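File shown here: protein_8.cif, holding mmCIF, C-alpha atoms, pLDDT in the B column; chains and numbers go by the auth columns.
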data_entry
loop_
_atom_site.group_PDB
_atom_site.id
_atom_site.type_symbol
_atom_site.label_atom_id
_atom_site.label_comp_id
_atom_site.label_asym_id
_atom_site.label_seq_id
_atom_site.Cartn_x
_atom_site.Cartn_y
_atom_site.Cartn_z
_atom_site.B_iso_or_equiv
_atom_site.auth_seq_id
_atom_site.auth_asym_id
ATOM 1 C CA MET A 1 -40.054 131.802 123.799 48.00 1 A
ATOM 2 C CA LYS A 2 -43.251 132.194 121.818 58.00 2 A
ATOM 3 C CA ALA A 3 -44.924 135.596 121.964 60.00 3 A
ATOM 4 C CA ILE A 4 -48.601 135.550 122.847 66.00 4 A
ATOM 5 C CA GLY A 5 -50.695 137.844 120.746 70.00 5 A
ATOM 6 C CA LEU A 6 -53.585 139.993 121.896 73.00 6 A
ATOM 7 C CA LYS A 7 -55.988 137.806 119.923 78.00 7 A
ATOM 8 C CA THR A 8 -54.782 134.672 121.790 79.00 8 A
ATOM 9 C CA ILE A 9 -55.252 136.372 125.161 78.00 9 A
ATOM 10 C CA ARG A 10 -58.739 137.499 124.153 81.00 10 A
ATOM 11 C CA VAL A 11 -59.713 133.951 123.060 81.00 11 A
ATOM 12 C CA LYS A 12 -58.408 132.469 126.334 80.00 12 A
ATOM 13 C CA ALA A 13 -60.302 135.091 128.351 80.00 13 A
ATOM 14 C CA ILE A 14 -63.528 134.295 126.493 83.00 14 A
ATOM 15 C CA ARG A 15 -63.068 130.545 127.103 82.00 15 A
ATOM 16 C CA LEU A 16 -62.403 131.171 130.796 76.00 16 A
ATOM 17 C CA LYS A 17 -65.531 133.319 131.034 76.00 17 A
ATOM 18 C CA GLU A 18 -67.590 130.567 129.367 78.00 18 A
ATOM 19 C CA ARG A 19 -66.285 127.967 131.843 74.00 19 A
ATOM 20 C CA ILE A 20 -67.106 130.238 134.773 68.00 20 A
ATOM 21 C CA MET A 21 -70.616 130.892 133.443 70.00 21 A
ATOM 22 C CA LYS A 22 -71.230 127.127 133.102 68.00 22 A
ATOM 23 C CA THR A 23 -70.192 126.504 136.695 60.00 23 A
ATOM 24 C CA THR A 24 -73.146 125.760 138.921 60.00 24 A
ATOM 25 C CA TRP A 25 -72.893 126.924 142.484 58.00 25 A
ATOM 26 C CA ALA A 26 -74.457 124.641 145.037 66.00 26 A
ATOM 27 C CA ALA A 27 -77.091 126.133 147.298 72.00 27 A
ATOM 28 C CA PRO A 28 -76.167 126.229 150.987 79.00 28 A
ATOM 29 C CA SER A 29 -77.123 123.079 152.866 87.00 29 A
ATOM 30 C CA ALA A 30 -80.100 123.070 155.220 90.00 30 A
ATOM 31 C CA GLY A 31 -77.686 122.772 158.149 90.00 31 A
ATOM 32 C CA LEU A 32 -75.739 125.818 157.032 93.00 32 A
ATOM 33 C CA ARG A 33 -78.930 127.850 156.539 94.00 33 A
ATOM 34 C CA LEU A 34 -80.190 126.922 160.025 96.00 34 A
ATOM 35 C CA ALA A 35 -76.808 127.627 161.621 96.00 35 A
ATOM 36 C CA GLY A 36 -76.647 130.969 159.806 96.00 36 A
ATOM 37 C CA ALA A 37 -80.120 131.972 160.969 97.00 37 A
ATOM 38 C CA ILE A 38 -79.463 130.991 164.604 98.00 38 A
ATOM 39 C CA GLY A 39 -76.037 132.635 164.516 97.00 39 A
ATOM 40 C CA ALA A 40 -77.479 135.862 163.112 98.00 40 A
ATOM 41 C CA ILE A 41 -80.197 135.946 165.792 98.00 41 A
ATOM 42 C CA VAL A 42 -77.657 135.427 168.590 98.00 42 A
ATOM 43 C CA LEU A 43 -75.332 138.066 167.109 98.00 43 A
ATOM 44 C CA VAL A 44 -78.071 140.695 166.687 98.00 44 A
ATOM 45 C CA LEU A 45 -79.555 140.084 170.160 98.00 45 A
ATOM 46 C CA ASP A 46 -76.074 140.208 171.676 98.00 46 A
ATOM 47 C CA GLN A 47 -75.133 143.494 170.043 98.00 47 A
ATOM 48 C CA LEU A 48 -78.513 145.112 170.794 98.00 48 A
ATOM 49 C CA THR A 49 -78.408 144.129 174.473 97.00 49 A
ATOM 50 C CA LYS A 50 -74.792 145.280 174.821 97.00 50 A
ATOM 51 C CA TRP A 51 -75.708 148.606 173.238 96.00 51 A
ATOM 52 C CA ALA A 52 -78.624 148.980 175.676 94.00 52 A
ATOM 53 C CA ALA A 53 -76.373 148.080 178.620 94.00 53 A
ATOM 54 C CA LEU A 54 -73.786 150.662 177.567 92.00 54 A
ATOM 55 C CA GLU A 55 -76.482 153.304 177.077 91.00 55 A
ATOM 56 C CA HIS A 56 -78.319 152.732 180.358 87.00 56 A
ATOM 57 C CA LEU A 57 -75.763 151.334 182.812 88.00 57 A
ATOM 58 C CA LEU A 58 -72.653 153.387 182.023 82.00 58 A
ATOM 59 C CA GLU A 59 -73.676 156.997 182.658 79.00 59 A
ATOM 60 C CA PRO A 60 -73.786 157.090 185.647 77.00 60 A
ATOM 61 C CA PRO A 61 -72.360 153.675 186.543 79.00 61 A
ATOM 62 C CA ARG A 62 -75.129 151.785 188.292 85.00 62 A
ATOM 63 C CA LEU A 63 -76.561 148.439 189.262 88.00 63 A
ATOM 64 C CA VAL A 64 -80.154 147.607 188.331 90.00 64 A
ATOM 65 C CA GLU A 65 -81.917 144.932 190.400 92.00 65 A
ATOM 66 C CA ALA A 66 -84.035 143.253 187.711 91.00 66 A
ATOM 67 C CA ALA A 67 -85.154 140.299 189.874 93.00 67 A
ATOM 68 C CA PRO A 68 -84.306 138.829 193.296 94.00 68 A
ATOM 69 C CA PHE A 69 -81.648 136.684 191.583 95.00 69 A
ATOM 70 C CA LEU A 70 -80.662 138.968 188.671 95.00 70 A
ATOM 71 C CA ASN A 71 -78.774 142.250 188.536 94.00 71 A
ATOM 72 C CA LEU A 72 -77.800 144.245 185.482 94.00 72 A
ATOM 73 C CA VAL A 73 -74.356 145.718 186.053 94.00 73 A
ATOM 74 C CA LEU A 74 -71.799 146.823 183.481 93.00 74 A
ATOM 75 C CA GLY A 75 -68.460 145.053 183.300 91.00 75 A
ATOM 76 C CA PHE A 76 -65.697 144.564 180.764 90.00 76 A
ATOM 77 C CA ASN A 77 -63.932 141.256 180.169 86.00 77 A
ATOM 78 C CA THR A 78 -60.587 140.970 178.387 81.00 78 A
ATOM 79 C CA GLY A 79 -60.709 137.151 178.490 71.00 79 A
ATOM 80 C CA VAL A 80 -63.168 134.628 177.101 61.00 80 A
ATOM 81 C CA SER A 81 -66.560 133.524 178.433 54.00 81 A
ATOM 82 C CA PHE A 82 -67.123 134.215 182.124 53.00 82 A
ATOM 83 C CA GLY A 83 -63.750 135.962 182.478 53.00 83 A
ATOM 84 C CA LEU A 84 -61.591 132.928 181.707 55.00 84 A
ATOM 85 C CA LEU A 85 -58.090 133.616 180.322 58.00 85 A
ATOM 86 C CA GLU A 86 -58.190 137.322 181.180 59.00 86 A
ATOM 87 C CA ASN A 87 -55.060 139.249 180.265 61.00 87 A
ATOM 88 C CA ASP A 88 -53.952 142.831 179.765 63.00 88 A
ATOM 89 C CA SER A 89 -51.633 142.178 176.817 66.00 89 A
ATOM 90 C CA ALA A 90 -51.915 144.447 173.778 69.00 90 A
ATOM 91 C CA TYR A 91 -52.002 141.310 171.635 73.00 91 A
ATOM 92 C CA GLY A 92 -54.654 139.576 173.751 71.00 92 A
ATOM 93 C CA PRO A 93 -57.730 140.876 171.908 78.00 93 A
ATOM 94 C CA TRP A 94 -56.187 140.043 168.526 84.00 94 A
ATOM 95 C CA LEU A 95 -55.072 136.572 169.594 85.00 95 A
ATOM 96 C CA LEU A 96 -58.438 135.700 171.151 86.00 96 A
ATOM 97 C CA SER A 97 -60.318 137.173 168.167 89.00 97 A
ATOM 98 C CA GLY A 98 -58.210 135.251 165.660 90.00 98 A
ATOM 99 C CA THR A 99 -58.718 132.029 167.589 91.00 99 A
ATOM 100 C CA ALA A 100 -62.467 132.646 167.819 92.00 100 A
ATOM 101 C CA LEU A 101 -62.726 133.323 164.081 94.00 101 A
ATOM 102 C CA LEU A 102 -60.849 130.093 163.308 96.00 102 A
ATOM 103 C CA VAL A 103 -63.314 128.218 165.511 94.00 103 A
ATOM 104 C CA VAL A 104 -66.203 129.941 163.683 95.00 104 A
ATOM 105 C CA ALA A 105 -64.752 128.832 160.324 95.00 105 A
ATOM 106 C CA VAL A 106 -64.608 125.223 161.546 95.00 106 A
ATOM 107 C CA LEU A 107 -68.182 125.483 162.865 95.00 107 A
ATOM 108 C CA VAL A 108 -69.392 126.769 159.483 94.00 108 A
ATOM 109 C CA VAL A 109 -67.834 123.751 157.748 93.00 109 A
ATOM 110 C CA TRP A 110 -69.356 121.376 160.299 93.00 110 A
ATOM 111 C CA ALA A 111 -72.769 123.042 159.947 93.00 111 A
ATOM 112 C CA ALA A 112 -72.600 122.719 156.163 92.00 112 A
ATOM 113 C CA ARG A 113 -71.867 119.001 156.508 91.00 113 A
ATOM 114 C CA SER A 114 -74.332 118.334 159.322 91.00 114 A
ATOM 115 C CA ASP A 115 -77.553 116.489 158.680 89.00 115 A
ATOM 116 C CA SER A 116 -78.777 117.091 162.237 92.00 116 A
ATOM 117 C CA ARG A 117 -80.845 120.169 163.002 93.00 117 A
ATOM 118 C CA ALA A 118 -79.761 120.083 166.656 94.00 118 A
ATOM 119 C CA GLU A 119 -76.088 120.063 165.683 94.00 119 A
ATOM 120 C CA ALA A 120 -76.559 122.824 163.108 95.00 120 A
ATOM 121 C CA ALA A 121 -78.450 124.979 165.632 97.00 121 A
ATOM 122 C CA SER A 122 -75.670 124.347 168.167 97.00 122 A
ATOM 123 C CA PHE A 123 -72.970 125.363 165.703 97.00 123 A
ATOM 124 C CA GLY A 124 -74.924 128.505 164.816 97.00 124 A
ATOM 125 C CA ALA A 125 -75.449 129.551 168.445 98.00 125 A
ATOM 126 C CA ILE A 126 -71.771 129.030 169.261 97.00 126 A
ATOM 127 C CA ALA A 127 -70.625 130.880 166.132 98.00 127 A
ATOM 128 C CA GLY A 128 -73.051 133.778 166.688 98.00 128 A
ATOM 129 C CA GLY A 129 -71.865 134.174 170.268 97.00 129 A
ATOM 130 C CA ALA A 130 -68.222 133.974 169.261 96.00 130 A
ATOM 131 C CA VAL A 131 -68.648 136.636 166.565 97.00 131 A
ATOM 132 C CA GLY A 132 -70.577 138.864 168.994 97.00 132 A
ATOM 133 C CA ASN A 133 -67.689 138.795 171.440 95.00 133 A
ATOM 134 C CA VAL A 134 -65.128 139.278 168.640 95.00 134 A
ATOM 135 C CA VAL A 135 -66.951 142.459 167.560 96.00 135 A
ATOM 136 C CA ASP A 136 -66.588 143.858 171.092 95.00 136 A
ATOM 137 C CA ARG A 137 -63.009 142.717 171.491 91.00 137 A
ATOM 138 C CA LEU A 138 -61.891 144.350 168.239 92.00 138 A
ATOM 139 C CA ARG A 139 -63.971 147.500 168.745 93.00 139 A
ATOM 140 C CA GLN A 140 -63.101 148.256 172.370 91.00 140 A
ATOM 141 C CA GLY A 141 -60.419 145.758 173.458 88.00 141 A
ATOM 142 C CA ALA A 142 -62.774 143.988 175.870 89.00 142 A
ATOM 143 C CA VAL A 143 -66.156 142.271 175.868 92.00 143 A
ATOM 144 C CA THR A 144 -69.136 144.052 177.438 94.00 144 A
ATOM 145 C CA ASP A 145 -70.753 141.938 180.167 94.00 145 A
ATOM 146 C CA PHE A 146 -73.853 142.984 182.093 95.00 146 A
ATOM 147 C CA ILE A 147 -75.866 139.980 183.361 96.00 147 A
ATOM 148 C CA ASP A 148 -75.192 139.136 187.025 95.00 148 A
ATOM 149 C CA LEU A 149 -76.968 136.027 188.363 95.00 149 A
ATOM 150 C CA HIS A 150 -76.767 135.507 192.111 95.00 150 A
ATOM 151 C CA ALA A 151 -78.234 133.455 194.947 94.00 151 A
ATOM 152 C CA PHE A 152 -77.572 133.365 198.699 92.00 152 A
ATOM 153 C CA GLY A 153 -74.731 135.877 198.406 89.00 153 A
ATOM 154 C CA TRP A 154 -72.959 133.930 195.661 93.00 154 A
ATOM 155 C CA HIS A 155 -72.552 135.619 192.246 91.00 155 A
ATOM 156 C CA TRP A 156 -71.969 133.831 188.963 90.00 156 A
ATOM 157 C CA PRO A 157 -69.359 135.642 186.801 90.00 157 A
ATOM 158 C CA THR A 158 -71.011 138.466 184.856 91.00 158 A
ATOM 159 C CA PHE A 159 -71.849 137.479 181.281 94.00 159 A
ATOM 160 C CA ASN A 160 -73.774 138.539 178.153 96.00 160 A
ATOM 161 C CA VAL A 161 -76.074 137.147 175.453 98.00 161 A
ATOM 162 C CA ALA A 162 -73.099 135.919 173.382 97.00 162 A
ATOM 163 C CA ASP A 163 -71.980 133.813 176.345 95.00 163 A
ATOM 164 C CA ILE A 164 -75.520 132.418 176.610 97.00 164 A
ATOM 165 C CA GLY A 165 -75.375 131.461 172.913 98.00 165 A
ATOM 166 C CA ILE A 166 -71.980 129.789 173.306 96.00 166 A
ATOM 167 C CA THR A 167 -72.921 127.925 176.495 96.00 167 A
ATOM 168 C CA GLY A 168 -76.382 126.976 175.202 97.00 168 A
ATOM 169 C CA GLY A 169 -74.918 125.778 171.902 97.00 169 A
ATOM 170 C CA VAL A 170 -72.330 123.612 173.643 96.00 170 A
ATOM 171 C CA GLY A 171 -75.027 122.260 175.980 96.00 171 A
ATOM 172 C CA LEU A 172 -77.339 121.395 173.077 95.00 172 A
ATOM 173 C CA LEU A 173 -74.446 119.761 171.243 93.00 173 A
ATOM 174 C CA LEU A 174 -73.651 117.616 174.291 94.00 174 A
ATOM 175 C CA ILE A 175 -77.301 116.686 174.831 93.00 175 A
ATOM 176 C CA SER A 176 -77.835 115.833 171.151 88.00 176 A
ATOM 177 C CA GLY A 177 -74.743 113.619 171.280 85.00 177 A
ATOM 178 C CA LEU A 178 -76.228 111.522 174.081 84.00 178 A
ATOM 179 C CA TRP A 179 -78.773 109.921 171.761 76.00 179 A
ATOM 180 C CA PRO A 180 -77.022 107.900 169.066 69.00 180 A
ATOM 181 C CA ARG A 181 -78.624 107.792 165.661 65.00 181 A
ATOM 182 C CA ARG A 182 -80.405 104.700 164.517 60.00 182 A
ATOM 183 C CA ALA A 183 -79.049 103.021 161.420 56.00 183 A
ATOM 184 C CA GLY A 184 -80.819 104.351 158.344 51.00 184 A
ATOM 185 C CA SER A 185 -82.431 107.264 160.170 51.00 185 A
ATOM 186 C CA GLU A 186 -79.848 109.801 158.994 51.00 186 A
ATOM 187 C CA GLU A 187 -81.529 110.220 155.643 48.00 187 A
ATOM 188 C CA ALA A 188 -84.866 110.881 157.323 48.00 188 A
ATOM 189 C CA GLY A 189 -83.327 113.332 159.788 53.00 189 A
ATOM 190 C CA GLU A 190 -84.363 111.248 162.783 54.00 190 A
ATOM 191 C CA ARG A 191 -82.892 110.081 166.078 53.00 191 A
ATOM 192 C CA ASN A 192 -84.413 107.146 167.893 52.00 192 A
ATOM 193 C CA GLY A 193 -87.322 107.234 165.454 54.00 193 A
ATOM 194 C CA LYS A 194 -88.231 110.852 166.231 55.00 194 A
ATOM 195 C CA PRO A 195 -87.668 113.883 163.994 56.00 195 A
ATOM 196 C CA LEU A 196 -84.789 116.144 164.994 53.00 196 A
#
In structure tokens, write the structure found in this file.
Amino acid sequence: MKAIGLKTIRVKAIRLKERIMKTTWAAPSAGLRLAGAIGAIVLVLDQLTKWAALEHLLEPPRLVEAAPFLNLVLGFNTGVSFGLLENDSAYGPWLLSGTALLVVAVLVVWAARSDSRAEAASFGAIAGGAVGNVVDRLRQGAVTDFIDLHAFGWHWPTFNVADIGITGGVGLLLISGLWPRRAGSEEAGERNGKPL
């Protein structure tokens, strides 16, 4: 076996450094930038409103009637949006968080490849909401919920701003999918002749 000298290693390191320095890194796509901005807004609003709910609704535990159809009341959810898949397993928060982060990774890839502003905004809202709930789940083992919509004695499951981002993002994605793109309009960023 041939011994490699220090000079050879140094030369190879210099060549590797030169190749790295010549590499050009592509700027993030417009879709990824939009998704990142929307996701960051949803995440920040979610965490700020959860902090406010914990500060003002926990000590003492109370219900605030904000409107005839809206109460602010503190709750904790070990499941996903609107209390679905609730469990008390020690592994539950980790499993749900891991799944959510995988979904976020897929959404980031889709946003980077998307040429539709509506789709990119949808992916960002969903990802921001998912990360907001992951932060809670990993920090305290459950998601903080505090928004209680009700009418005629019927209450919607308590939710938070992250859930609004997720639900709104999915809704926008479904709505944007109802209008097929015209041939040739993808380059112009249009659907049915109108800008996205």
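Ranking A:Ile175, A:Leu70, A:Val134, A:Ala121 by their shortest atom-to-atom distance to A:Ala162, with only C-alpha atoms included, puts A:Val134 first.
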For this session: Identify, on the basis of only C-alpha atoms, every residue whose closest approach to A:Gly168 does not exceed 8 Å; exclude the query and any residue fewer than 3 positions from it along the same chain; express the result as JSON, numbers by chain.
Result: {"A": [122, 125, 126, 164, 165, 171, 172]}
Seminar exercise, completed: As a check of understanding: the span from atom CA of A:His155 to atom CA of A:Phe123 is 28.5 Å
Exercise. If we count only C-alpha atoms, what is near A:Ala53 at a cut-off of 9 Å, once residues fewer than 5 positions away on the same chain are taken out, given as a ChimeraX atom specification?
Worked result: /A:48,58,72-74,144-146
Problem set entry | Separation of atom CA of A:Asp46 from atom CA of A:Val109 in Å |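 Atom-to-atom, atom CA of A:Val109 to atom CA of A:Asp46, that is 23.1 Å.
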For this session: Using atom CA of A:Leu149 and atom CA of A:Glu55 as the two end points, give the distance in Å to one decimal.
Result: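 Atom CA of A:Leu149 sits 20.6 Å away from atom CA of A:Glu55.
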Problem set entry | Proximity to A:Val44 - best of A:Val135, A:Val143, A:Arg113, A:Pro157, only C-alpha atoms |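 That would be A:Val135, the residue with the smallest distance to A:Val44.
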Exercise. Just so the selection is clear, what residues does the PyMOL selection byres ((chain A and resi 96-102) around 9) cover here, as a VMD selection string?
Worked result: chain A and resid 79 to 80 91 to 95 103 to 107 127 130 to 131 133 to 135 137 to 138
For this session: Would you kindly translate the PyMOL selection byres ((chain A and resi 67) around 12) into the concrete residues it picks from this file, as a PyMOL selection string?
Result: chain A and resi 63-66+68-72+147-151
For this session: Can you work out which one of A:Arg10, A:Arg139, A:Arg62, A:Arg33 has the shortest atom-to-atom distance to A:Arg117, counting all atoms listed in the file?
Result: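 Closest to A:Arg117 of all the choices is A:Arg33.
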Would you mind putting N, CA and C atoms back on stretch 54-67 of chain A and writing the result as a PDB file, keeping the file's coordinate frame?
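Writing the result to selection01.pdb gives the following:
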ATOM      1  N   LEU A  54     -74.714 149.523 177.595  1.00 92.00           N
ATOM      2  CA  LEU A  54     -73.786 150.662 177.567  1.00 92.00           C
ATOM      3  C   LEU A  54     -74.537 151.985 177.676  1.00 92.00           C
ATOM      4  N   GLU A  55     -75.691 152.067 177.038  1.00 91.00           N
ATOM      5  CA  GLU A  55     -76.482 153.304 177.077  1.00 91.00           C
ATOM      6  C   GLU A  55     -77.076 153.577 178.453  1.00 91.00           C
ATOM      7  N   HIS A  56     -77.540 152.528 179.134  1.00 87.00           N
ATOM      8  CA  HIS A  56     -78.319 152.732 180.358  1.00 87.00           C
ATOM      9  C   HIS A  56     -77.586 152.409 181.653  1.00 87.00           C
ATOM     10  N   LEU A  57     -76.467 151.706 181.585  1.00 88.00           N
ATOM     11  CA  LEU A  57     -75.763 151.334 182.812  1.00 88.00           C
ATOM     12  C   LEU A  57     -74.439 152.070 182.994  1.00 88.00           C
ATOM     13  N   LEU A  58     -73.971 152.753 181.960  1.00 82.00           N
ATOM     14  CA  LEU A  58     -72.653 153.387 182.023  1.00 82.00           C
ATOM     15  C   LEU A  58     -72.690 154.778 182.623  1.00 82.00           C
ATOM     16  N   GLU A  59     -73.617 155.592 182.224  1.00 79.00           N
ATOM     17  CA  GLU A  59     -73.676 156.997 182.658  1.00 79.00           C
ATOM     18  C   GLU A  59     -74.925 157.251 183.473  1.00 79.00           C
ATOM     19  N   PRO A  60     -74.919 157.370 184.755  1.00 77.00           N
ATOM     20  CA  PRO A  60     -73.786 157.090 185.647  1.00 77.00           C
ATOM     21  C   PRO A  60     -73.678 155.588 185.864  1.00 77.00           C
ATOM     22  N   PRO A  61     -72.494 155.113 186.274  1.00 79.00           N
ATOM     23  CA  PRO A  61     -72.360 153.675 186.543  1.00 79.00           C
ATOM     24  C   PRO A  61     -73.357 153.243 187.614  1.00 79.00           C
ATOM     25  N   ARG A  62     -74.120 152.208 187.314  1.00 85.00           N
ATOM     26  CA  ARG A  62     -75.129 151.785 188.292  1.00 85.00           C
ATOM     27  C   ARG A  62     -75.438 150.306 188.165  1.00 85.00           C
ATOM     28  N   LEU A  63     -76.102 149.818 189.196  1.00 88.00           N
ATOM     29  CA  LEU A  63     -76.561 148.439 189.262  1.00 88.00           C
ATOM     30  C   LEU A  63     -78.083 148.472 189.265  1.00 88.00           C
ATOM     31  N   VAL A  64     -78.700 147.684 188.397  1.00 90.00           N
ATOM     32  CA  VAL A  64     -80.154 147.607 188.331  1.00 90.00           C
ATOM     33  C   VAL A  64     -80.567 146.229 188.839  1.00 90.00           C
ATOM     34  N   GLU A  65     -81.396 146.200 189.883  1.00 92.00           N
ATOM     35  CA  GLU A  65     -81.917 144.932 190.400  1.00 92.00           C
ATOM     36  C   GLU A  65     -83.142 144.552 189.574  1.00 92.00           C
ATOM     37  N   ALA A  66     -82.959 143.651 188.614  1.00 91.00           N
ATOM     38  CA  ALA A  66     -84.035 143.253 187.711  1.00 91.00           C
ATOM     39  C   ALA A  66     -84.944 142.196 188.326  1.00 91.00           C
ATOM     40  N   ALA A  67     -84.405 141.367 189.198  1.00 93.00           N
ATOM     41  CA  ALA A  67     -85.154 140.299 189.874  1.00 93.00           C
ATOM     42  C   ALA A  67     -84.385 139.943 191.145  1.00 93.00           C
TER      43      ALA A  67
END
